[in-house]
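Next comes upload.cif, a file with mmCIF, C-alpha atoms.
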data_entry
loop_
_atom_site.group_PDB
_atom_site.id
_atom_site.type_symbol
_atom_site.label_atom_id
_atom_site.label_comp_id
_atom_site.auth_asym_id
_atom_site.auth_seq_id
_atom_site.Cartn_x
_atom_site.Cartn_y
_atom_site.Cartn_z
ATOM 1 C CA MET A 25 34.307 -1.950 3.265
ATOM 2 C CA ILE A 26 31.414 0.501 2.964
ATOM 3 C CA GLY A 27 31.017 4.222 2.584
ATOM 4 C CA ILE A 28 28.176 6.167 4.156
ATOM 5 C CA LYS A 29 26.680 9.647 4.108
ATOM 6 C CA THR A 30 24.744 10.954 7.087
ATOM 7 C CA LYS A 31 22.217 13.653 7.821
ATOM 8 C CA LYS A 32 22.163 15.408 11.193
ATOM 9 C CA GLU A 33 18.812 15.044 12.956
ATOM 10 C CA GLY A 34 18.860 16.709 16.346
ATOM 11 C CA ASP A 35 21.888 15.283 18.131
ATOM 12 C CA LYS A 36 22.053 12.158 15.927
ATOM 13 C CA PHE A 37 23.435 11.376 12.494
ATOM 14 C CA ARG A 38 21.066 9.207 10.432
ATOM 15 C CA VAL A 39 22.604 7.219 7.579
ATOM 16 C CA VAL A 40 20.990 8.359 4.329
ATOM 17 C CA TYR A 41 23.306 6.680 1.810
ATOM 18 C CA ILE A 42 25.399 3.519 1.747
ATOM 19 C CA HIS A 43 27.939 2.685 -0.963
ATOM 20 C CA TYR A 44 28.980 -0.964 -0.862
ATOM 21 C CA LYS A 45 32.060 -0.598 -3.082
ATOM 22 C CA PRO A 46 33.699 2.697 -2.159
ATOM 23 C CA GLU A 47 37.022 1.370 -3.455
ATOM 24 C CA SER A 48 35.602 1.796 -6.971
ATOM 25 C CA LEU A 49 35.117 5.545 -6.435
ATOM 26 C CA SER A 50 37.499 8.369 -7.171
ATOM 27 C CA GLN A 51 39.377 9.895 -4.249
ATOM 28 C CA THR A 52 37.200 13.019 -4.486
ATOM 29 C CA GLN A 53 34.069 10.887 -4.174
ATOM 30 C CA LYS A 54 35.538 8.846 -1.303
ATOM 31 C CA ASP A 55 36.402 12.051 0.554
ATOM 32 C CA LYS A 56 32.669 12.835 0.742
ATOM 33 C CA LEU A 57 31.949 9.528 2.502
ATOM 34 C CA ILE A 58 32.636 8.066 5.929
ATOM 35 C CA ILE A 59 34.500 4.812 5.252
ATOM 36 C CA LEU A 60 33.806 1.903 7.601
ATOM 37 C CA ASP A 61 34.636 -1.808 7.657
ATOM 38 C CA GLU A 62 31.095 -3.189 7.629
ATOM 39 C CA LEU A 63 27.480 -2.760 8.653
ATOM 40 C CA PRO A 64 26.534 -3.993 12.126
ATOM 41 C CA GLU A 65 24.117 -6.894 12.456
ATOM 42 C CA ASP A 66 20.485 -5.826 12.727
ATOM 43 C CA ASN A 67 18.754 -7.811 15.507
ATOM 44 C CA LEU A 68 15.849 -5.427 16.041
ATOM 45 C CA ILE A 69 12.246 -6.190 15.169
ATOM 46 C CA ALA A 70 10.023 -3.252 14.289
ATOM 47 C CA GLY A 71 6.335 -3.378 15.103
ATOM 48 C CA VAL A 72 3.385 -1.703 13.427
ATOM 49 C CA GLY A 73 4.058 2.010 13.101
ATOM 50 C CA GLU A 74 7.792 1.554 13.599
ATOM 51 C CA LYS A 75 10.837 1.262 11.384
ATOM 52 C CA ILE A 76 14.503 0.517 11.889
ATOM 53 C CA GLU A 77 16.928 3.329 11.095
ATOM 54 C CA LEU A 78 20.709 3.203 10.881
ATOM 55 C CA TYR A 79 22.679 5.901 12.713
ATOM 56 C CA TYR A 80 26.336 6.862 12.997
ATOM 57 C CA ASP A 81 27.917 7.676 16.367
ATOM 58 C CA LEU A 82 30.458 10.409 15.610
ATOM 59 C CA GLU A 83 32.357 10.000 18.904
ATOM 60 C CA LYS A 84 32.670 6.209 18.761
ATOM 61 C CA GLN A 85 32.874 6.208 14.949
ATOM 62 C CA GLU A 86 30.482 3.297 14.708
ATOM 63 C CA LEU A 87 27.073 2.469 13.309
ATOM 64 C CA TYR A 88 24.030 1.434 15.329
ATOM 65 C CA TYR A 89 20.366 0.700 14.677
ATOM 66 C CA GLU A 90 17.398 2.264 16.398
ATOM 67 C CA ILE A 91 13.645 1.705 16.187
ATOM 68 C CA VAL A 92 11.760 4.898 15.355
ATOM 69 C CA GLU A 93 8.103 5.706 14.815
ATOM 70 C CA ARG A 94 6.695 5.971 11.325
ATOM 71 C CA GLU A 95 3.333 6.814 9.820
ATOM 72 C CA LEU A 96 0.996 3.873 9.355
ATOM 73 C CA THR A 97 0.413 2.631 5.814
ATOM 74 C CA GLU A 98 -3.124 2.718 4.419
ATOM 75 C CA ASN A 99 -3.410 -1.061 4.884
ATOM 76 C CA GLU A 100 -2.260 -0.802 8.511
ATOM 77 C CA LYS A 101 -4.807 1.963 9.143
ATOM 78 C CA ILE A 102 -7.564 -0.173 7.626
ATOM 79 C CA ALA A 103 -6.490 -3.207 9.676
ATOM 80 C CA GLU A 104 -6.549 -1.080 12.825
ATOM 81 C CA ILE A 105 -10.068 0.197 12.035
ATOM 82 C CA VAL A 106 -11.306 -3.341 11.298
ATOM 83 C CA ALA A 107 -9.838 -4.595 14.594
ATOM 84 C CA ASP A 108 -11.539 -1.715 16.442
ATOM 85 C CA LEU A 109 -14.866 -2.575 14.787
ATOM 86 C CA GLU A 110 -14.515 -6.248 15.737
ATOM 87 C CA ASN A 111 -13.815 -5.224 19.335
ATOM 88 C CA LEU A 112 -16.881 -2.970 19.323
ATOM 89 C CA LYS A 113 -19.036 -5.806 17.969
ATOM 90 C CA THR A 114 -17.842 -8.095 20.753
ATOM 91 C CA GLU A 115 -18.412 -5.441 23.412
ATOM 92 C CA ASN A 116 -21.860 -4.698 21.979
ATOM 93 C CA ALA A 117 -22.832 -8.385 22.071
ATOM 94 C CA GLN A 118 -21.643 -8.617 25.697
ATOM 95 C CA PHE A 119 -23.586 -5.468 26.592
ATOM 96 C CA LYS A 120 -26.752 -6.853 24.975
ATOM 97 C CA GLN A 121 -26.402 -10.092 26.944
ATOM 98 C CA GLU A 122 -25.777 -8.240 30.210
ATOM 99 C CA SER A 123 -28.782 -5.991 29.534
ATOM 100 C CA LYS A 124 -30.973 -9.031 28.881
ATOM 101 C CA ASP A 125 -29.712 -10.729 32.046
ATOM 102 C CA LEU A 126 -30.382 -7.571 34.062
ATOM 103 C CA GLN A 127 -33.875 -7.236 32.614
ATOM 104 C CA ASP A 128 -34.566 -10.862 33.553
ATOM 105 C CA VAL A 129 -33.494 -10.130 37.147
ATOM 106 C CA ILE A 130 -35.688 -7.007 37.275
ATOM 107 C CA ASP A 131 -38.646 -8.877 35.854
ATOM 108 C CA THR A 132 -38.159 -11.656 38.430
ATOM 109 C CA MET A 133 -37.930 -9.128 41.287
ATOM 110 C CA LEU A 134 -41.057 -7.358 40.142
ATOM 111 C CA GLY A 135 -42.900 -10.623 39.815
ATOM 112 C CA GLY A 136 -43.117 -10.399 36.070
ATOM 113 C CA GLY A 137 -40.749 -13.282 35.458
ATOM 114 C CA GLU A 138 -41.922 -16.779 34.854
#
Show how you would write the structure in this file as structure tokens.
Amino acid sequence: MIGIKTKKEGDKFRVVYIHYKPESLSQTQKDKLIILDELPEDNLIAGVGEKIELYYDLEKQELYYEIVERELTENEKIAEIVADLENLKTENAQFKQESKDLQDVIDTMLGGGE
């Protein structure tokens, strides 16, 4: 048995507090919680810039998980910048090679090639 508190966000109720032993609380404290049998299994996998949030469906009186966006951590931002730089290096090297190949063709056409 668990007890939860929720916070309304738009048309959803996000779980903001979970008490794993609500039976140890006073009746007044229990009355402030939604009492449920158990947490559902979490089978979701969040990617970079995402997190898994637990919500409560008021109509069905059940919990469910949802993937939501989150701000990137400093390390994730740095990793993203490094990956972008590596991609730019690769593109730059390809551009240099293509430019050289093109210059060789031009030189050959103009009779300047060997």
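When all atoms listed in the file are used to measure the gap to A:Asp35, the shortest distance among A:Glu47, A:Asp81, A:Ile59, A:Thr52 belongs to A:Asp81.
Atom CA of A:Tyr41 lies 5.0 Å from atom CA of A:Lys29.
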Inset, instruction - Go ahead and compute the interatomic distance for atom CA of A:Pro64 and atom CA of A:Glu86, in Å to one decimal. - result: 8.7 Å
Inset, instruction - Rounded to one decimal place, report the atom CA of A:Ile26-atom CA of A:Lys75 distance in Å. - result: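 Separation between atom CA of A:Ile26 and atom CA of A:Lys75: 22.2 Å.
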Legend entry - A:Asn99 surroundings by only C-alpha atoms, 12 Å radius, close-in-sequence under 6 positions cut, as a PyMOL selection string: chain A and resi 72-73+105-106
Legend entry - Selection result for the PyMOL selection byres ((chain A and resi 54) around 12) on this file, as number ranges by chain: A: 25-29, 42-53, 55-60
Keeping C-alpha atoms for every residue in the selection just given, could you write it to a file as a PDB file, in the frame of the given file?
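This is the output file result.pdb:
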ATOM      1  CA  MET A  25      34.307  -1.950   3.265  1.00  0.00           C
ATOM      2  CA  ILE A  26      31.414   0.501   2.964  1.00  0.00           C
ATOM      3  CA  GLY A  27      31.017   4.222   2.584  1.00  0.00           C
ATOM      4  CA  ILE A  28      28.176   6.167   4.156  1.00  0.00           C
ATOM      5  CA  LYS A  29      26.680   9.647   4.108  1.00  0.00           C
ATOM      6  CA  ILE A  42      25.399   3.519   1.747  1.00  0.00           C
ATOM      7  CA  HIS A  43      27.939   2.685  -0.963  1.00  0.00           C
ATOM      8  CA  TYR A  44      28.980  -0.964  -0.862  1.00  0.00           C
ATOM      9  CA  LYS A  45      32.060  -0.598  -3.082  1.00  0.00           C
ATOM     10  CA  PRO A  46      33.699   2.697  -2.159  1.00  0.00           C
ATOM     11  CA  GLU A  47      37.022   1.370  -3.455  1.00  0.00           C
ATOM     12  CA  SER A  48      35.602   1.796  -6.971  1.00  0.00           C
ATOM     13  CA  LEU A  49      35.117   5.545  -6.435  1.00  0.00           C
ATOM     14  CA  SER A  50      37.499   8.369  -7.171  1.00  0.00           C
ATOM     15  CA  GLN A  51      39.377   9.895  -4.249  1.00  0.00           C
ATOM     16  CA  THR A  52      37.200  13.019  -4.486  1.00  0.00           C
ATOM     17  CA  GLN A  53      34.069  10.887  -4.174  1.00  0.00           C
ATOM     18  CA  ASP A  55      36.402  12.051   0.554  1.00  0.00           C
ATOM     19  CA  LYS A  56      32.669  12.835   0.742  1.00  0.00           C
ATOM     20  CA  LEU A  57      31.949   9.528   2.502  1.00  0.00           C
ATOM     21  CA  ILE A  58      32.636   8.066   5.929  1.00  0.00           C
ATOM     22  CA  ILE A  59      34.500   4.812   5.252  1.00  0.00           C
ATOM     23  CA  LEU A  60      33.806   1.903   7.601  1.00  0.00           C
TER      24      LEU A  60
END
Inset, instruction - Pick out the closest residue to A:Arg38 from this set: A:Lys113, A:Asp125, A:Thr97, A:Tyr88. Count only C-alpha atoms. - result: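 Residue with the minimum atom-to-atom distance to A:Arg38: A:Tyr88.
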Legend entry - Explicit residue set for the PyMOL selection byres ((chain A and resi 66) around 12), as an MDAnalysis selection string: chainID A and resid 63:65 67:70 76:79 87:91
Written file, previous selection with C-alpha atoms, as a PDB file, in the coordinates of the input:
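Output below, filename part.pdb:
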ATOM      1  CA  LEU A  63      27.480  -2.760   8.653  1.00  0.00           C
ATOM      2  CA  PRO A  64      26.534  -3.993  12.126  1.00  0.00           C
ATOM      3  CA  GLU A  65      24.117  -6.894  12.456  1.00  0.00           C
ATOM      4  CA  ASN A  67      18.754  -7.811  15.507  1.00  0.00           C
ATOM      5  CA  LEU A  68      15.849  -5.427  16.041  1.00  0.00           C
ATOM      6  CA  ILE A  69      12.246  -6.190  15.169  1.00  0.00           C
ATOM      7  CA  ALA A  70      10.023  -3.252  14.289  1.00  0.00           C
ATOM      8  CA  ILE A  76      14.503   0.517  11.889  1.00  0.00           C
ATOM      9  CA  GLU A  77      16.928   3.329  11.095  1.00  0.00           C
ATOM     10  CA  LEU A  78      20.709   3.203  10.881  1.00  0.00           C
ATOM     11  CA  TYR A  79      22.679   5.901  12.713  1.00  0.00           C
ATOM     12  CA  LEU A  87      27.073   2.469  13.309  1.00  0.00           C
ATOM     13  CA  TYR A  88      24.030   1.434  15.329  1.00  0.00           C
ATOM     14  CA  TYR A  89      20.366   0.700  14.677  1.00  0.00           C
ATOM     15  CA  GLU A  90      17.398   2.264  16.398  1.00  0.00           C
ATOM     16  CA  ILE A  91      13.645   1.705  16.187  1.00  0.00           C
TER      17      ILE A  91
END
Inset, instruction - Go through the shown structure with the PyMOL selection byres ((chain A and resi 94) around 6) and write out the matching residues as number ranges by chain. - result: A: 73-74, 93, 95
Only C-alpha atoms, please: the residues just picked out, written as a PDB file, in the frame of the given file.
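Resulting contents of result.pdb:
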ATOM      1  CA  GLY A  73       4.058   2.010  13.101  1.00  0.00           C
ATOM      2  CA  GLU A  74       7.792   1.554  13.599  1.00  0.00           C
ATOM      3  CA  GLU A  93       8.103   5.706  14.815  1.00  0.00           C
ATOM      4  CA  GLU A  95       3.333   6.814   9.820  1.00  0.00           C
TER       5      GLU A  95
END
Legend entry - Selection near A:Phe37, 6 Å with all atoms listed in the file, sequence-local residues under 4 positions removed, as a ChimeraX atom specification: /A:30-33,79-80
What would stretch 108-132 of chain A look like with N, CA and C atoms in place, written as a PDB file, keeping the file's coordinate frame?
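See rebuild16.pdb below for the written result:
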ATOM      1  N   ASP A 108     -10.711  -2.512  15.531  1.00  0.00           N
ATOM      2  CA  ASP A 108     -11.539  -1.715  16.442  1.00  0.00           C
ATOM      3  C   ASP A 108     -13.017  -2.062  16.281  1.00  0.00           C
ATOM      4  N   LEU A 109     -13.468  -2.217  15.041  1.00  0.00           N
ATOM      5  CA  LEU A 109     -14.866  -2.575  14.787  1.00  0.00           C
ATOM      6  C   LEU A 109     -15.204  -3.950  15.352  1.00  0.00           C
ATOM      7  N   GLU A 110     -14.295  -4.903  15.190  1.00  0.00           N
ATOM      8  CA  GLU A 110     -14.515  -6.248  15.737  1.00  0.00           C
ATOM      9  C   GLU A 110     -14.620  -6.191  17.259  1.00  0.00           C
ATOM     10  N   ASN A 111     -13.757  -5.390  17.877  1.00  0.00           N
ATOM     11  CA  ASN A 111     -13.815  -5.224  19.335  1.00  0.00           C
ATOM     12  C   ASN A 111     -15.141  -4.598  19.767  1.00  0.00           C
ATOM     13  N   LEU A 112     -15.606  -3.608  19.003  1.00  0.00           N
ATOM     14  CA  LEU A 112     -16.881  -2.970  19.323  1.00  0.00           C
ATOM     15  C   LEU A 112     -18.041  -3.944  19.173  1.00  0.00           C
ATOM     16  N   LYS A 113     -17.989  -4.788  18.154  1.00  0.00           N
ATOM     17  CA  LYS A 113     -19.036  -5.806  17.969  1.00  0.00           C
ATOM     18  C   LYS A 113     -19.085  -6.747  19.168  1.00  0.00           C
ATOM     19  N   THR A 114     -17.921  -7.184  19.605  1.00  0.00           N
ATOM     20  CA  THR A 114     -17.842  -8.095  20.753  1.00  0.00           C
ATOM     21  C   THR A 114     -18.376  -7.419  22.007  1.00  0.00           C
ATOM     22  N   GLU A 115     -17.944  -6.179  22.246  1.00  0.00           N
ATOM     23  CA  GLU A 115     -18.412  -5.441  23.412  1.00  0.00           C
ATOM     24  C   GLU A 115     -19.916  -5.213  23.347  1.00  0.00           C
ATOM     25  N   ASN A 116     -20.428  -4.922  22.153  1.00  0.00           N
ATOM     26  CA  ASN A 116     -21.860  -4.698  21.979  1.00  0.00           C
ATOM     27  C   ASN A 116     -22.647  -5.968  22.287  1.00  0.00           C
ATOM     28  N   ALA A 117     -22.163  -7.111  21.812  1.00  0.00           N
ATOM     29  CA  ALA A 117     -22.832  -8.385  22.071  1.00  0.00           C
ATOM     30  C   ALA A 117     -22.835  -8.681  23.575  1.00  0.00           C
ATOM     31  N   GLN A 118     -21.714  -8.400  24.249  1.00  0.00           N
ATOM     32  CA  GLN A 118     -21.643  -8.617  25.697  1.00  0.00           C
ATOM     33  C   GLN A 118     -22.616  -7.689  26.427  1.00  0.00           C
ATOM     34  N   PHE A 119     -22.675  -6.444  25.980  1.00  0.00           N
ATOM     35  CA  PHE A 119     -23.586  -5.468  26.592  1.00  0.00           C
ATOM     36  C   PHE A 119     -25.037  -5.912  26.423  1.00  0.00           C
ATOM     37  N   LYS A 120     -25.382  -6.381  25.225  1.00  0.00           N
ATOM     38  CA  LYS A 120     -26.752  -6.853  24.975  1.00  0.00           C
ATOM     39  C   LYS A 120     -27.093  -8.018  25.905  1.00  0.00           C
ATOM     40  N   GLN A 121     -26.156  -8.941  26.070  1.00  0.00           N
ATOM     41  CA  GLN A 121     -26.402 -10.092  26.944  1.00  0.00           C
ATOM     42  C   GLN A 121     -26.549  -9.649  28.393  1.00  0.00           C
ATOM     43  N   GLU A 122     -25.694  -8.739  28.841  1.00  0.00           N
ATOM     44  CA  GLU A 122     -25.777  -8.240  30.210  1.00  0.00           C
ATOM     45  C   GLU A 122     -27.085  -7.487  30.437  1.00  0.00           C
ATOM     46  N   SER A 123     -27.513  -6.724  29.432  1.00  0.00           N
ATOM     47  CA  SER A 123     -28.782  -5.991  29.534  1.00  0.00           C
ATOM     48  C   SER A 123     -29.949  -6.961  29.644  1.00  0.00           C
ATOM     49  N   LYS A 124     -29.918  -8.014  28.838  1.00  0.00           N
ATOM     50  CA  LYS A 124     -30.973  -9.031  28.881  1.00  0.00           C
ATOM     51  C   LYS A 124     -30.985  -9.712  30.245  1.00  0.00           C
ATOM     52  N   ASP A 125     -29.803 -10.081  30.736  1.00  0.00           N
ATOM     53  CA  ASP A 125     -29.712 -10.729  32.046  1.00  0.00           C
ATOM     54  C   ASP A 125     -30.245  -9.806  33.143  1.00  0.00           C
ATOM     55  N   LEU A 126     -29.912  -8.538  33.077  1.00  0.00           N
ATOM     56  CA  LEU A 126     -30.382  -7.571  34.062  1.00  0.00           C
ATOM     57  C   LEU A 126     -31.894  -7.410  33.992  1.00  0.00           C
ATOM     58  N   GLN A 127     -32.428  -7.357  32.781  1.00  0.00           N
ATOM     59  CA  GLN A 127     -33.875  -7.236  32.614  1.00  0.00           C
ATOM     60  C   GLN A 127     -34.587  -8.456  33.186  1.00  0.00           C
ATOM     61  N   ASP A 128     -33.991  -9.639  32.986  1.00  0.00           N
ATOM     62  CA  ASP A 128     -34.566 -10.862  33.553  1.00  0.00           C
ATOM     63  C   ASP A 128     -34.617 -10.789  35.075  1.00  0.00           C
ATOM     64  N   VAL A 129     -33.540 -10.273  35.689  1.00  0.00           N
ATOM     65  CA  VAL A 129     -33.494 -10.130  37.147  1.00  0.00           C
ATOM     66  C   VAL A 129     -34.550  -9.140  37.608  1.00  0.00           C
ATOM     67  N   ILE A 130     -34.692  -8.027  36.917  1.00  0.00           N
ATOM     68  CA  ILE A 130     -35.688  -7.007  37.275  1.00  0.00           C
ATOM     69  C   ILE A 130     -37.098  -7.575  37.154  1.00  0.00           C
ATOM     70  N   ASP A 131     -37.339  -8.270  36.053  1.00  0.00           N
ATOM     71  CA  ASP A 131     -38.646  -8.877  35.854  1.00  0.00           C
ATOM     72  C   ASP A 131     -38.957  -9.865  36.961  1.00  0.00           C
ATOM     73  N   THR A 132     -37.971 -10.676  37.366  1.00  0.00           N
ATOM     74  CA  THR A 132     -38.159 -11.656  38.430  1.00  0.00           C
ATOM     75  C   THR A 132     -38.455 -10.943  39.755  1.00  0.00           C
TER      76      THR A 132
END
